[in-house]
file model15.json (JSON, C-alpha atoms and all ligand atoms)
[["chain", "number", "residue", "atom", "x", "y", "z"],
["B", 1, "MET", "CA", 0.00, 0.00, 0.00],
["B", 2, "GLY", "CA", 2.91, 2.35, -0.72],
["B", 3, "GLY", "CA", 2.85, 5.50, -2.79],
["B", 4, "PRO", "CA", 1.48, 8.88, -2.01],
["B", 5, "ARG", "CA", -1.71, 9.05, 0.06],
["B", 6, "LYS", "CA", -4.74, 9.99, -1.96],
["B", 7, "MET", "CA", -6.03, 13.40, -0.91],
["B", 8, "ASP", "CA", -9.75, 13.87, -0.24],
["B", 9, "SER", "CA", -11.07, 16.50, -2.61],
["B", 10, "MET", "CA", -12.14, 18.81, 0.22],
["B", 11, "PHE", "CA", -9.84, 18.23, 3.14],
["B", 12, "ASP", "CA", -6.18, 17.69, 3.70],
["B", 13, "TYR", "CA", -5.99, 15.00, 6.41],
["B", 14, "SER", "CA", -2.25, 15.12, 6.84],
["B", 15, "ASP", "CA", -0.73, 17.32, 9.52],
["B", 16, "ASN", "CA", 0.53, 19.30, 6.62],
["B", 17, "GLU", "CA", 3.01, 22.08, 6.05],
["B", 18, "LYS", "CA", 0.23, 24.61, 6.43],
["B", 19, "ASN", "CA", 0.07, 23.84, 10.16],
["B", 20, "LYS", "CA", 3.76, 24.58, 10.67],
["B", 21, "ILE", "CA", 4.61, 27.98, 12.08],
["B", 22, "ILE", "CA", 6.30, 30.15, 9.48],
["B", 23, "PRO", "CA", 8.75, 32.70, 10.94],
["B", 24, "GLY", "CA", 7.78, 36.33, 10.35],
["B", 25, "THR", "CA", 4.05, 35.57, 10.09],
["B", 26, "LEU", "CA", 1.11, 37.19, 11.86],
["B", 27, "TYR", "CA", -1.61, 34.61, 12.53],
["B", 28, "LEU", "CA", -5.17, 35.90, 12.96],
["B", 29, "VAL", "CA", -6.64, 33.33, 15.33],
["B", 30, "ALA", "CA", -10.41, 33.23, 15.79],
["B", 31, "THR", "CA", -11.46, 32.36, 19.34],
["B", 32, "PRO", "CA", -14.86, 31.36, 20.81],
["B", 33, "ILE", "CA", -17.63, 33.96, 21.15],
["B", 34, "GLY", "CA", -18.93, 32.34, 24.33],
["B", 35, "ASN", "CA", -18.49, 28.59, 24.21],
["B", 36, "LEU", "CA", -14.94, 27.42, 24.89],
["B", 37, "SER", "CA", -15.53, 24.17, 23.01],
["B", 38, "ASP", "CA", -15.66, 26.17, 19.80],
["B", 39, "ILE", "CA", -11.88, 26.64, 19.76],
["B", 40, "SER", "CA", -10.37, 24.78, 16.83],
["B", 41, "GLU", "CA", -7.59, 22.23, 16.93],
["B", 42, "ARG", "CA", -5.61, 24.39, 14.54],
["B", 43, "ALA", "CA", -6.13, 27.50, 16.68],
["B", 44, "LEU", "CA", -4.63, 25.65, 19.66],
["B", 45, "LYS", "CA", -1.67, 24.44, 17.57],
["B", 46, "ILE", "CA", -0.92, 27.93, 16.36],
["B", 47, "LEU", "CA", -1.39, 29.54, 19.80],
["B", 48, "GLY", "CA", 0.94, 26.95, 21.28],
["B", 49, "GLY", "CA", 3.50, 27.31, 18.49],
["B", 50, "VAL", "CA", 4.03, 31.03, 17.88],
["B", 51, "ASP", "CA", 6.71, 33.09, 19.64],
["B", 52, "PHE", "CA", 4.22, 35.49, 21.22],
["B", 53, "ILE", "CA", 0.53, 36.39, 21.30],
["B", 54, "ALA", "CA", -0.94, 39.87, 20.85],
["B", 55, "ALA", "CA", -4.25, 40.13, 22.70],
["B", 56, "GLU", "CA", -6.95, 42.78, 22.97],
["B", 57, "ASP", "CA", -7.36, 42.02, 26.68],
["B", 58, "THR", "CA", -4.46, 40.02, 28.06],
["B", 59, "ARG", "CA", -6.47, 38.96, 31.15],
["B", 60, "ASN", "CA", -9.19, 37.38, 29.00],
["B", 61, "THR", "CA", -6.68, 35.67, 26.77],
["B", 62, "LEU", "CA", -4.65, 34.43, 29.73],
["B", 63, "LYS", "CA", -7.79, 32.67, 31.03],
["B", 64, "LEU", "CA", -8.35, 31.08, 27.63],
["B", 65, "LEU", "CA", -4.73, 29.95, 27.32],
["B", 66, "THR", "CA", -4.66, 28.61, 30.88],
["B", 67, "HIS", "CA", -7.84, 26.64, 30.22],
["B", 68, "PHE", "CA", -6.11, 24.91, 27.29],
["B", 69, "GLY", "CA", -2.77, 24.50, 29.09],
["B", 70, "ILE", "CA", -0.89, 26.94, 26.85],
["B", 71, "SER", "CA", 1.75, 29.24, 28.24],
["B", 72, "LYS", "CA", 3.04, 32.02, 25.95],
["B", 73, "PRO", "CA", 4.38, 35.56, 26.27],
["B", 74, "LEU", "CA", 1.50, 38.02, 25.82],
["B", 75, "VAL", "CA", 1.52, 41.63, 24.65],
["B", 76, "SER", "CA", -1.53, 43.86, 24.75],
["B", 77, "TYR", "CA", -2.85, 45.28, 21.51],
["B", 78, "TYR", "CA", -6.02, 47.34, 21.87],
["B", 79, "GLN", "CA", -7.80, 50.48, 20.72],
["B", 80, "HIS", "CA", -5.66, 52.91, 22.72],
["B", 81, "ASN", "CA", -2.16, 51.57, 22.05],
["B", 82, "LEU", "CA", -2.60, 50.17, 18.56],
["B", 83, "ARG", "CA", -0.47, 52.72, 16.74],
["B", 84, "GLN", "CA", 2.75, 52.38, 18.73],
["B", 85, "ARG", "CA", 2.18, 48.73, 19.68],
["B", 86, "GLY", "CA", 1.39, 47.82, 16.08],
["B", 87, "GLU", "CA", 4.78, 49.16, 14.97],
["B", 88, "ALA", "CA", 6.52, 47.19, 17.74],
["B", 89, "ILE", "CA", 4.74, 43.96, 16.75],
["B", 90, "CYS", "CA", 5.67, 44.48, 13.09],
["B", 91, "GLU", "CA", 9.29, 45.05, 14.03],
["B", 92, "ARG", "CA", 9.38, 41.72, 15.86],
["B", 93, "LEU", "CA", 7.71, 40.02, 12.87],
["B", 94, "GLN", "CA", 10.28, 41.56, 10.52],
["B", 95, "ASN", "CA", 12.99, 40.16, 12.77],
["B", 96, "GLY", "CA", 11.64, 36.66, 12.15],
["B", 97, "GLU", "CA", 9.36, 36.09, 15.16],
["B", 98, "SER", "CA", 5.84, 34.71, 14.71],
["B", 99, "CYS", "CA", 2.80, 36.20, 16.40],
["B", 100, "ALA", "CA", -0.82, 35.17, 16.92],
["B", 101, "LEU", "CA", -3.37, 37.96, 17.18],
["B", 102, "VAL", "CA", -6.48, 37.24, 19.23],
["B", 103, "THR", "CA", -9.18, 39.67, 20.17],
["B", 104, "ASP", "CA", -11.71, 39.44, 22.99],
["B", 105, "ALA", "CA", -13.94, 37.05, 21.11],
["B", 106, "GLY", "CA", -14.49, 35.82, 17.60],
["B", 107, "THR", "CA", -12.65, 36.67, 14.44],
["B", 108, "PRO", "CA", -9.87, 39.25, 14.74],
["B", 109, "ALA", "CA", -10.21, 42.32, 12.49],
["B", 110, "ILE", "CA", -14.02, 42.18, 12.42],
["B", 111, "SER", "CA", -15.18, 45.27, 14.36],
["B", 112, "ASP", "CA", -12.08, 45.21, 16.54],
["B", 113, "PRO", "CA", -8.56, 46.68, 16.46],
["B", 114, "GLY", "CA", -7.12, 43.71, 14.52],
["B", 115, "GLU", "CA", -8.08, 45.54, 11.33],
["B", 116, "ASP", "CA", -5.30, 48.12, 11.89],
["B", 117, "LEU", "CA", -2.61, 45.53, 12.48],
["B", 118, "VAL", "CA", -3.48, 43.68, 9.28],
["B", 119, "ARG", "CA", -3.36, 46.97, 7.35],
["B", 120, "LEU", "CA", 0.05, 47.76, 8.84],
["B", 121, "CYS", "CA", 1.36, 44.29, 7.96],
["B", 122, "ALA", "CA", 0.04, 44.65, 4.41],
["B", 123, "GLU", "CA", 1.86, 47.98, 4.06],
["B", 124, "LYS", "CA", 5.08, 46.40, 5.30],
["B", 125, "ASN", "CA", 4.73, 43.23, 3.23],
["B", 126, "ILE", "CA", 4.49, 41.05, 6.32],
["B", 127, "ARG", "CA", 2.82, 37.71, 5.80],
["B", 128, "VAL", "CA", -0.61, 37.32, 7.44],
["B", 129, "SER", "CA", -2.36, 33.97, 7.79],
["B", 130, "PHE", "CA", -5.91, 33.21, 8.95],
["B", 131, "ILE", "CA", -7.14, 30.57, 11.38],
["B", 132, "PRO", "CA", -10.92, 30.51, 10.87],
["B", 133, "GLY", "CA", -13.46, 30.18, 13.65],
["B", 134, "PRO", "CA", -16.50, 31.83, 15.22],
["B", 135, "CYS", "CA", -17.75, 35.22, 14.08],
["B", 136, "ALA", "CA", -20.90, 36.62, 15.72],
["B", 137, "ALA", "CA", -22.08, 38.36, 12.53],
["B", 138, "ILE", "CA", -21.98, 35.22, 10.40],
["B", 139, "ALA", "CA", -23.55, 33.06, 13.12],
["B", 140, "ALA", "CA", -26.42, 35.55, 13.45],
["B", 141, "LEU", "CA", -26.93, 35.83, 9.71],
["B", 142, "ALA", "CA", -27.12, 32.05, 9.38],
["B", 143, "LEU", "CA", -29.66, 31.89, 12.23],
["B", 144, "SER", "CA", -31.70, 34.88, 11.10],
["B", 145, "GLY", "CA", -34.15, 33.13, 8.81],
["B", 146, "LEU", "CA", -33.78, 36.17, 6.55],
["B", 147, "PHE", "CA", -32.33, 36.32, 3.05],
["B", 148, "THR", "CA", -28.64, 35.41, 3.31],
["B", 149, "GLY", "CA", -27.68, 35.51, -0.37],
["B", 150, "LYS", "CA", -26.54, 39.13, -0.16],
["B", 151, "PHE", "CA", -25.82, 41.00, 3.03],
["B", 152, "ALA", "CA", -24.11, 44.12, 4.29],
["B", 153, "PHE", "CA", -22.20, 44.11, 7.57],
["B", 154, "GLU", "CA", -22.50, 47.48, 9.30],
["B", 155, "GLY", "CA", -20.78, 46.67, 12.61],
["B", 156, "PHE", "CA", -21.52, 49.20, 15.38],
["B", 157, "LEU", "CA", -23.48, 52.33, 14.59],
["B", 158, "THR", "CA", -21.23, 55.08, 15.91],
["B", 159, "GLY", "CA", -21.00, 58.85, 16.03],
["B", 160, "SER", "CA", -23.38, 61.55, 17.19],
["B", 161, "LYS", "CA", -27.14, 61.14, 17.02],
["B", 162, "SER", "CA", -27.27, 63.07, 13.75],
["B", 163, "GLU", "CA", -24.39, 61.06, 12.21],
["B", 164, "ARG", "CA", -26.12, 57.81, 13.12],
["B", 165, "LYS", "CA", -29.35, 59.04, 11.61],
["B", 166, "ARG", "CA", -27.57, 60.10, 8.44],
["B", 167, "ALA", "CA", -25.93, 56.69, 8.19],
["B", 168, "LEU", "CA", -29.28, 54.93, 8.64],
["B", 169, "SER", "CA", -31.00, 57.22, 6.20],
["B", 170, "SER", "CA", -28.44, 56.33, 3.53],
["B", 171, "LEU", "CA", -29.10, 52.64, 4.28],
["B", 172, "SER", "CA", -32.90, 52.84, 4.14],
["B", 173, "GLY", "CA", -33.02, 51.77, 0.48],
["B", 174, "GLU", "CA", -30.42, 48.99, 0.88],
["B", 175, "LYS", "CA", -31.93, 45.76, -0.38],
["B", 176, "ARG", "CA", -29.35, 43.44, 1.16],
["B", 177, "THR", "CA", -29.90, 42.01, 4.64],
["B", 178, "LEU", "CA", -28.17, 44.28, 7.18],
["B", 179, "ILE", "CA", -26.11, 43.13, 10.16],
["B", 180, "PHE", "CA", -25.37, 45.35, 13.16],
["B", 181, "TYR", "CA", -23.47, 44.77, 16.40],
["B", 182, "GLU", "CA", -24.85, 46.40, 19.52],
["B", 183, "ALA", "CA", -24.11, 46.67, 23.22],
["B", 184, "PRO", "CA", -27.08, 46.13, 25.58],
["B", 185, "HIS", "CA", -27.11, 49.72, 26.93],
["B", 186, "HIS", "CA", -27.53, 51.14, 23.39],
["B", 187, "LEU", "CA", -29.93, 48.50, 22.12],
["B", 188, "LEU", "CA", -33.23, 50.31, 22.64],
["B", 189, "GLN", "CA", -31.95, 53.54, 21.09],
["B", 190, "THR", "CA", -30.60, 51.68, 18.07],
["B", 191, "LEU", "CA", -33.83, 49.72, 17.60],
["B", 192, "SER", "CA", -35.82, 52.98, 17.78],
["B", 193, "ASP", "CA", -33.50, 54.64, 15.23],
["B", 194, "LEU", "CA", -33.80, 51.62, 12.93],
["B", 195, "LEU", "CA", -37.60, 51.72, 13.21],
["B", 196, "GLU", "CA", -37.68, 55.41, 12.47],
["B", 197, "SER", "CA", -35.43, 55.13, 9.41],
["B", 198, "PHE", "CA", -36.62, 51.80, 7.97],
["B", 199, "GLY", "CA", -40.22, 51.37, 9.13],
["B", 200, "SER", "CA", -41.27, 48.16, 10.82],
["B", 201, "ARG", "CA", -39.23, 45.55, 8.98],
["B", 202, "LYS", "CA", -38.43, 42.04, 10.07],
["B", 203, "ILE", "CA", -35.52, 41.76, 12.47],
["B", 204, "THR", "CA", -33.78, 38.82, 14.11],
["B", 205, "LEU", "CA", -32.15, 39.60, 17.45],
["B", 206, "CYS", "CA", -29.39, 37.13, 18.32],
["B", 207, "ARG", "CA", -28.41, 37.36, 21.98],
["B", 208, "GLU", "CA", -25.59, 35.59, 23.81],
["B", 209, "LEU", "CA", -24.80, 33.31, 20.89],
["B", 210, "THR", "CA", -23.26, 29.94, 21.79],
["B", 211, "LYS", "CA", -23.73, 30.70, 25.52],
["B", 212, "LEU", "CA", -26.09, 29.13, 28.05],
["B", 213, "ASN", "CA", -28.63, 31.93, 27.63],
["B", 214, "GLU", "CA", -28.52, 32.01, 23.83],
["B", 215, "GLU", "CA", -31.73, 33.53, 22.47],
["B", 216, "ILE", "CA", -32.85, 34.05, 18.88],
["B", 217, "VAL", "CA", -35.90, 36.28, 18.49],
["B", 218, "ARG", "CA", -37.41, 36.68, 15.02],
["B", 219, "THR", "CA", -39.78, 39.62, 15.16],
["B", 220, "THR", "CA", -40.42, 43.10, 13.73],
["B", 221, "LEU", "CA", -38.70, 46.37, 14.58],
["B", 222, "SER", "CA", -41.83, 47.83, 16.17],
["B", 223, "ASP", "CA", -42.38, 44.76, 18.38],
["B", 224, "ALA", "CA", -38.70, 44.75, 19.35],
["B", 225, "VAL", "CA", -38.91, 48.43, 20.37],
["B", 226, "GLU", "CA", -42.03, 47.73, 22.39],
["B", 227, "TYR", "CA", -40.48, 44.71, 24.08],
["B", 228, "TYR", "CA", -37.21, 46.39, 25.04],
["B", 229, "SER", "CA", -39.02, 49.53, 26.24],
["B", 230, "LEU", "CA", -40.45, 47.28, 28.96],
["B", 231, "ASN", "CA", -37.56, 44.82, 29.46],
["B", 232, "THR", "CA", -33.94, 45.72, 30.14],
["B", 233, "PRO", "CA", -31.66, 44.18, 27.49],
["B", 234, "ARG", "CA", -28.85, 42.02, 28.84],
["B", 235, "GLY", "CA", -25.91, 40.36, 27.12],
["B", 236, "GLU", "CA", -24.39, 40.77, 23.69],
["B", 237, "PHE", "CA", -26.52, 41.27, 20.61],
["B", 238, "VAL", "CA", -26.30, 40.96, 16.86],
["B", 239, "LEU", "CA", -29.19, 42.53, 14.96],
["B", 240, "VAL", "CA", -30.04, 41.15, 11.54],
["B", 241, "VAL", "CA", -32.46, 43.39, 9.68],
["B", 242, "GLU", "CA", -34.41, 42.61, 6.55],
["B", 243, "GLY", "CA", -33.31, 44.64, 3.52],
["B", 244, "SER", "CA", -35.54, 47.19, 1.83],
["B", 245, "LYS", "CA", -38.37, 45.71, -0.21],
["B", 246, "ASP", "CA", -38.82, 47.00, -3.74],
["B", 247, "GLU", "CA", -42.25, 48.46, -3.01],
["B", 248, "THR", "CA", -41.04, 50.80, -0.27],
["B", 249, "ARG", "CA", -38.31, 52.37, -2.43],
["B", 250, "ASN", "CA", -40.13, 52.24, -5.73],
["B", 251, "PRO", "CA", -39.78, 55.59, -7.51],
["B", 252, "GLN", "CA", -43.43, 55.03, -8.40],
["B", 253, "ASN", "CA", -44.10, 55.84, -4.73],
["B", 254, "GLU", "CA", -43.70, 59.46, -5.67],
["B", 255, "LYS", "CA", -46.91, 59.12, -7.66],
["B", 256, "ILE", "CA", -48.79, 57.76, -4.63],
["B", 257, "PRO", "CA", -50.52, 60.48, -2.59],
["B", 258, "VAL", "CA", -48.39, 61.58, 0.34],
["B", 259, "SER", "CA", -51.16, 60.79, 2.82],
["B", 260, "GLU", "CA", -51.31, 57.24, 1.48],
["B", 261, "GLN", "CA", -47.55, 56.85, 1.93],
["B", 262, "VAL", "CA", -47.83, 58.06, 5.53],
["B", 263, "ASN", "CA", -50.66, 55.60, 6.14],
["B", 264, "ARG", "CA", -48.59, 52.73, 4.78],
["B", 265, "TYR", "CA", -45.84, 53.47, 7.29],
["B", 266, "ILE", "CA", -48.40, 53.76, 10.09],
["B", 267, "GLU", "CA", -49.86, 50.40, 9.09],
["B", 268, "SER", "CA", -46.37, 48.88, 9.18],
["B", 269, "GLY", "CA", -46.01, 49.94, 12.84],
["B", 270, "LEU", "CA", -44.64, 53.50, 12.94],
["B", 271, "ASP", "CA", -46.32, 56.22, 14.97],
["B", 272, "LYS", "CA", -47.67, 59.23, 13.04],
["B", 273, "ASN", "CA", -44.65, 61.51, 13.56],
["B", 274, "SER", "CA", -42.11, 58.86, 12.59],
["B", 275, "ALA", "CA", -44.20, 57.99, 9.53],
["B", 276, "ILE", "CA", -44.25, 61.62, 8.44],
["B", 277, "LYS", "CA", -40.51, 61.89, 8.97],
["B", 278, "ALA", "CA", -39.88, 58.72, 6.96],
["B", 279, "VAL", "CA", -41.98, 59.91, 4.02],
["B", 280, "ALA", "CA", -40.32, 63.35, 4.08],
["B", 281, "LYS", "CA", -36.92, 61.68, 3.97],
["B", 282, "GLU", "CA", -37.94, 59.39, 1.16],
["B", 283, "LEU", "CA", -39.32, 62.23, -0.95],
["B", 284, "GLY", "CA", -36.56, 64.65, 0.04],
["B", 285, "VAL", "CA", -39.07, 67.30, 1.14],
["B", 286, "PRO", "CA", -39.49, 69.13, 4.48],
["B", 287, "LYS", "CA", -41.38, 67.30, 7.20],
["B", 288, "ASN", "CA", -43.84, 70.14, 7.53],
["B", 289, "GLN", "CA", -44.86, 69.80, 3.89],
["B", 290, "VAL", "CA", -45.75, 66.14, 4.43],
["B", 291, "TYR", "CA", -47.51, 67.02, 7.67],
["B", 292, "GLN", "CA", -49.67, 69.66, 5.94],
["B", 293, "GLU", "CA", -50.61, 67.20, 3.17],
["B", 294, "TYR", "CA", -51.51, 64.62, 5.76],
["B", 295, "LEU", "CA", -53.67, 67.11, 7.70],
["B", 296, "LYS", "CA", -55.52, 68.04, 4.49],
["B", 297, "TYR", "CA", -56.30, 64.38, 3.89],
["B", 298, "LYS", "CA", -57.46, 63.92, 7.49],
["B", 299, "ASP", "CA", -59.79, 66.95, 7.14],
["B", 300, "GLU", "CA", -61.24, 65.52, 3.93],
["B", 301, "GLU", "CA", -61.82, 62.09, 5.53],
["I", 401, "LIG", "N1", -14.62, 40.12, 16.26],
["I", 401, "LIG", "C1", -15.87, 39.73, 16.86],
["I", 401, "LIG", "C2", -16.59, 38.72, 15.95],
["I", 401, "LIG", "O1", -15.94, 38.05, 15.17],
["I", 401, "LIG", "O2", -17.78, 38.56, 16.05],
["I", 401, "LIG", "C3", -16.74, 40.90, 17.19],
["I", 401, "LIG", "C4", -16.11, 41.89, 18.12],
["I", 401, "LIG", "S1", -17.11, 43.23, 18.54],
["I", 401, "LIG", "C5", -15.96, 44.19, 19.46],
["I", 401, "LIG", "C6", -18.15, 42.63, 19.82],
["I", 401, "LIG", "C7", -19.62, 42.56, 19.38],
["I", 401, "LIG", "O3", -19.86, 41.32, 18.71],
["I", 401, "LIG", "C8", -20.59, 42.56, 20.54],
["I", 401, "LIG", "O4", -20.90, 43.88, 20.97],
["I", 401, "LIG", "C9", -21.81, 41.89, 19.95],
["I", 401, "LIG", "O5", -22.53, 42.78, 19.14],
["I", 401, "LIG", "C10", -21.13, 40.84, 19.04],
["I", 401, "LIG", "N2", -20.97, 39.58, 19.77],
["I", 401, "LIG", "C11", -19.83, 39.00, 20.19],
["I", 401, "LIG", "N3", -20.08, 37.83, 20.81],
["I", 401, "LIG", "C12", -21.42, 37.66, 20.77],
["I", 401, "LIG", "C13", -22.30, 36.63, 21.23],
["I", 401, "LIG", "N4", -21.85, 35.57, 21.87],
["I", 401, "LIG", "N5", -23.62, 36.79, 20.99],
["I", 401, "LIG", "C14", -24.11, 37.86, 20.34],
["I", 401, "LIG", "N6", -23.31, 38.86, 19.90],
["I", 401, "LIG", "C15", -21.99, 38.76, 20.10]]
call {"tool": "encode", "arguments": {"input": "model15.json", "output": "structure tokens"}}
result
Amino acid sequence: MGGPRKMDSMFDYSDNEKNKIIPGTLYLVATPIGNLSDISERALKILGGVDFIAAEDTRNTLKLLTHFGISKPLVSYYQHNLRQRGEAICERLQNGESCALVTDAGTPAISDPGEDLVRLCAEKNIRVSFIPGPCAAIAALALSGLFTGKFAFEGFLTGSKSERKRALSSLSGEKRTLIFYEAPHHLLQTLSDLLESFGSRKITLCRELTKLNEEIVRTTLSDAVEYYSLNTPRGEFVLVVEGSKDETRNPQNEKIPVSEQVNRYIESGLDKNSAIKAVAKELGVPKNQVYQEYLKYKDEE
């Protein structure tokens, strides 16, 4: 039975070259988003094999490494030291050391500081390799029950109230499914902003994914706002929001009486003021103009 082993078409079953640590390489190592059993065999090999590990929160990572019996020098790499620490990590990589980058949870460089280190490595021609694993956005999309064929990842909505609103307004016609990250203390505000900008679309709220209290709620934006106005949100959330439907952004809408457009929004769950605002935004006219039209219609009724 000599000769080379036949390779399965999909997987390489040998402990191949790809699993060997290459000097001068930055390894992006995905770690669990809540369930420690989700760590991959390859992640553990790489974490145990590199010269040092750069971690967003060294205390968190130390716990993870201790759990798996790995002992490695750690350096911190987070939002507030990424510029100077990034340069130092690159210098070590250029001197032939290997480094694994892990962030607090999930896939490094997705809504966390890892993005900057990869950019810096790309600028300096430093090799970067990826060890796949959990990512909250992709888990939530898969669970959403919404259209997954095309999606847009929006990460955290940031900036001032007006910047957030502008960002949402520019997304209101987006047909792809939208994915947002949100912290519990901002959840209600974000849901209300989404409702105001998009109307009452379908939303799937994915809470505490892979953890004991995992919860997937498939509902509408107006019901979600109502629920979280009465119940304090706890834990980590990914929000997956249905994309815009053709009818709501159809240019033909401009031919539909303004009052009718306002009524459609009200029927989909918005209150009167939010409906007026949404129509004004859609038509690019002042709110007061829509309000006056709506009053006229109400008088005629
Ligand atoms: N890089 C990470 C990833 O791959 O998912 C995301 C990092 S980002 C700083 C943290 C956000 O991810 C949280 O605020 C939450 O929106 C989302 N998240 C992370 N873990 C989660 C979980 N177990 N359940 C739901 N959302 C989670």
call {"tool": "atom_distance", "arguments": {"input": "model15.json", "atom1": "CA of Ala278 in chain B", "atom2": "CA of Gln292 in chain B"}}
result
14.7 Å
call {"tool": "closest_atom_pairs", "arguments": {"input": "model15.json", "of": "chain B", "to": "ligand LIG 401 (chain I)", "cutoff": "6 Å", "atoms": "all atoms listed in the file", "output": "JSON lines"}}
result
{"residue": "B:Ile33", "atom": "CA", "partner": "I:LIG401", "partner_atom": "N4", "distance": 4.6}
{"residue": "B:Gly34", "atom": "CA", "partner": "I:LIG401", "partner_atom": "N4", "distance": 5.0}
{"residue": "B:Ala105", "atom": "CA", "partner": "I:LIG401", "partner_atom": "C1", "distance": 5.4}
{"residue": "B:Gly106", "atom": "CA", "partner": "I:LIG401", "partner_atom": "O1", "distance": 3.6}
{"residue": "B:Thr107", "atom": "CA", "partner": "I:LIG401", "partner_atom": "O1", "distance": 3.6}
{"residue": "B:Pro108", "atom": "CA", "partner": "I:LIG401", "partner_atom": "N1", "distance": 5.1}
{"residue": "B:Ile110", "atom": "CA", "partner": "I:LIG401", "partner_atom": "N1", "distance": 4.4}
{"residue": "B:Ser111", "atom": "CA", "partner": "I:LIG401", "partner_atom": "S1", "distance": 5.0}
{"residue": "B:Asp112", "atom": "CA", "partner": "I:LIG401", "partner_atom": "C5", "distance": 5.0}
{"residue": "B:Cys135", "atom": "CA", "partner": "I:LIG401", "partner_atom": "O1", "distance": 3.5}
{"residue": "B:Ala136", "atom": "CA", "partner": "I:LIG401", "partner_atom": "O2", "distance": 3.7}
{"residue": "B:Ala137", "atom": "CA", "partner": "I:LIG401", "partner_atom": "O2", "distance": 5.6}
{"residue": "B:Tyr181", "atom": "CA", "partner": "I:LIG401", "partner_atom": "O5", "distance": 3.5}
{"residue": "B:Glu182", "atom": "CA", "partner": "I:LIG401", "partner_atom": "O5", "distance": 4.3}
{"residue": "B:Ala183", "atom": "CA", "partner": "I:LIG401", "partner_atom": "O4", "distance": 4.8}
{"residue": "B:Cys206", "atom": "CA", "partner": "I:LIG401", "partner_atom": "C14", "distance": 5.7}
{"residue": "B:Arg207", "atom": "CA", "partner": "I:LIG401", "partner_atom": "C14", "distance": 4.6}
{"residue": "B:Glu208", "atom": "CA", "partner": "I:LIG401", "partner_atom": "N5", "distance": 3.6}
{"residue": "B:Leu209", "atom": "CA", "partner": "I:LIG401", "partner_atom": "N5", "distance": 3.7}
{"residue": "B:Thr210", "atom": "CA", "partner": "I:LIG401", "partner_atom": "N4", "distance": 5.8}
{"residue": "B:Glu236", "atom": "CA", "partner": "I:LIG401", "partner_atom": "N6", "distance": 4.4}
{"residue": "B:Phe237", "atom": "CA", "partner": "I:LIG401", "partner_atom": "N6", "distance": 4.1}
{"residue": "B:Val238", "atom": "CA", "partner": "I:LIG401", "partner_atom": "N6", "distance": 4.8}
call {"tool": "atom_distance", "arguments": {"input": "model15.json", "atom1": "CA of Lys277 in chain B", "atom2": "CA of Val240 in chain B"}}
result
23.4 Å
call {"tool": "closest_residue", "arguments": {"input": "model15.json", "among": "B:Leu36, B:Leu101, B:Ile22, B:Leu239", "to": "Ile53 in chain B", "atoms": "all atoms listed in the file"}}
result
B:Leu101
call {"tool": "atom_distance", "arguments": {"input": "model15.json", "atom1": "CA of Glu196 in chain B", "atom2": "CA of Ser274 in chain B"}}
result
5.6 Å
call {"tool": "residues_around", "arguments": {"input": "model15.json", "residues": "Gln79 in chain B", "least_positions_apart": "3", "cutoff": "10 Å", "atoms": "all atoms listed in the file", "output": "list in words"}}
result
Glu56, Ser76, Leu82, Arg83, Asp112, Pro113, Gly114 and Asp116 of chain B
call {"tool": "residues_near_point", "arguments": {"input": "model15.json", "point": "(-15.0, 25.2, 17.4)", "cutoff": "12 Å", "atoms": "all atoms listed in the file", "output": "ChimeraX atom specification"}}
result
/B:29-44,106,131-135,210
call {"tool": "residues_near_point", "arguments": {"input": "model15.json", "point": "(-22.1, 56.7, 14.8)", "cutoff": "12 Å", "atoms": "all atoms listed in the file", "output": "list of chain:residue names"}}
result
B:Glu154, B:Gly155, B:Phe156, B:Leu157, B:Thr158, B:Gly159, B:Ser160, B:Lys161, B:Ser162, B:Glu163, B:Arg164, B:Lys165, B:Arg166, B:Ala167, B:Leu168, B:Phe180, B:Glu182, B:His186, B:Thr190, B:Asp193
call {"tool": "closest_residue", "arguments": {"input": "model15.json", "among": "B:Ala280, B:Glu260, B:Leu270, B:Gly173", "to": "Ser222 in chain B", "atoms": "all atoms listed in the file"}}
result
B:Leu270
call {"tool": "residues_around", "arguments": {"input": "model15.json", "residues": "Leu141 in chain B", "least_positions_apart": "6", "cutoff": "9 Å", "atoms": "all atoms listed in the file", "output": "PDB file with C-alpha atoms, in the frame of the given file"}}
result
ATOM      1  CA  PHE B 147     -32.330  36.320   3.050  1.00  0.00           C
ATOM      2  CA  THR B 148     -28.640  35.410   3.310  1.00  0.00           C
ATOM      3  CA  PHE B 151     -25.820  41.000   3.030  1.00  0.00           C
ATOM      4  CA  THR B 177     -29.900  42.010   4.640  1.00  0.00           C
ATOM      5  CA  LEU B 178     -28.170  44.280   7.180  1.00  0.00           C
ATOM      6  CA  ILE B 179     -26.110  43.130  10.160  1.00  0.00           C
ATOM      7  CA  THR B 204     -33.780  38.820  14.110  1.00  0.00           C
ATOM      8  CA  VAL B 238     -26.300  40.960  16.860  1.00  0.00           C
ATOM      9  CA  LEU B 239     -29.190  42.530  14.960  1.00  0.00           C
ATOM     10  CA  VAL B 240     -30.040  41.150  11.540  1.00  0.00           C
TER      11      VAL B 240
END
call {"tool": "residues_around", "arguments": {"input": "model15.json", "residues": "Gly96 in chain B", "least_positions_apart": "2", "cutoff": "7 Å", "atoms": "all atoms listed in the file", "output": "PyMOL selection string"}}
result
chain B and resi 23-24+92-94+98
call {"tool": "closest_residue", "arguments": {"input": "model15.json", "among": "B:Tyr77, B:Ala100, B:Ile89, B:Lys175", "to": "Leu47 in chain B", "atoms": "only C-alpha atoms"}}
result
B:Ala100
call {"tool": "closest_residue", "arguments": {"input": "model15.json", "among": "B:Leu187, B:Asn19, B:Val279, B:Gly243", "to": "Phe153 in chain B", "atoms": "all atoms listed in the file"}}
result
B:Gly243
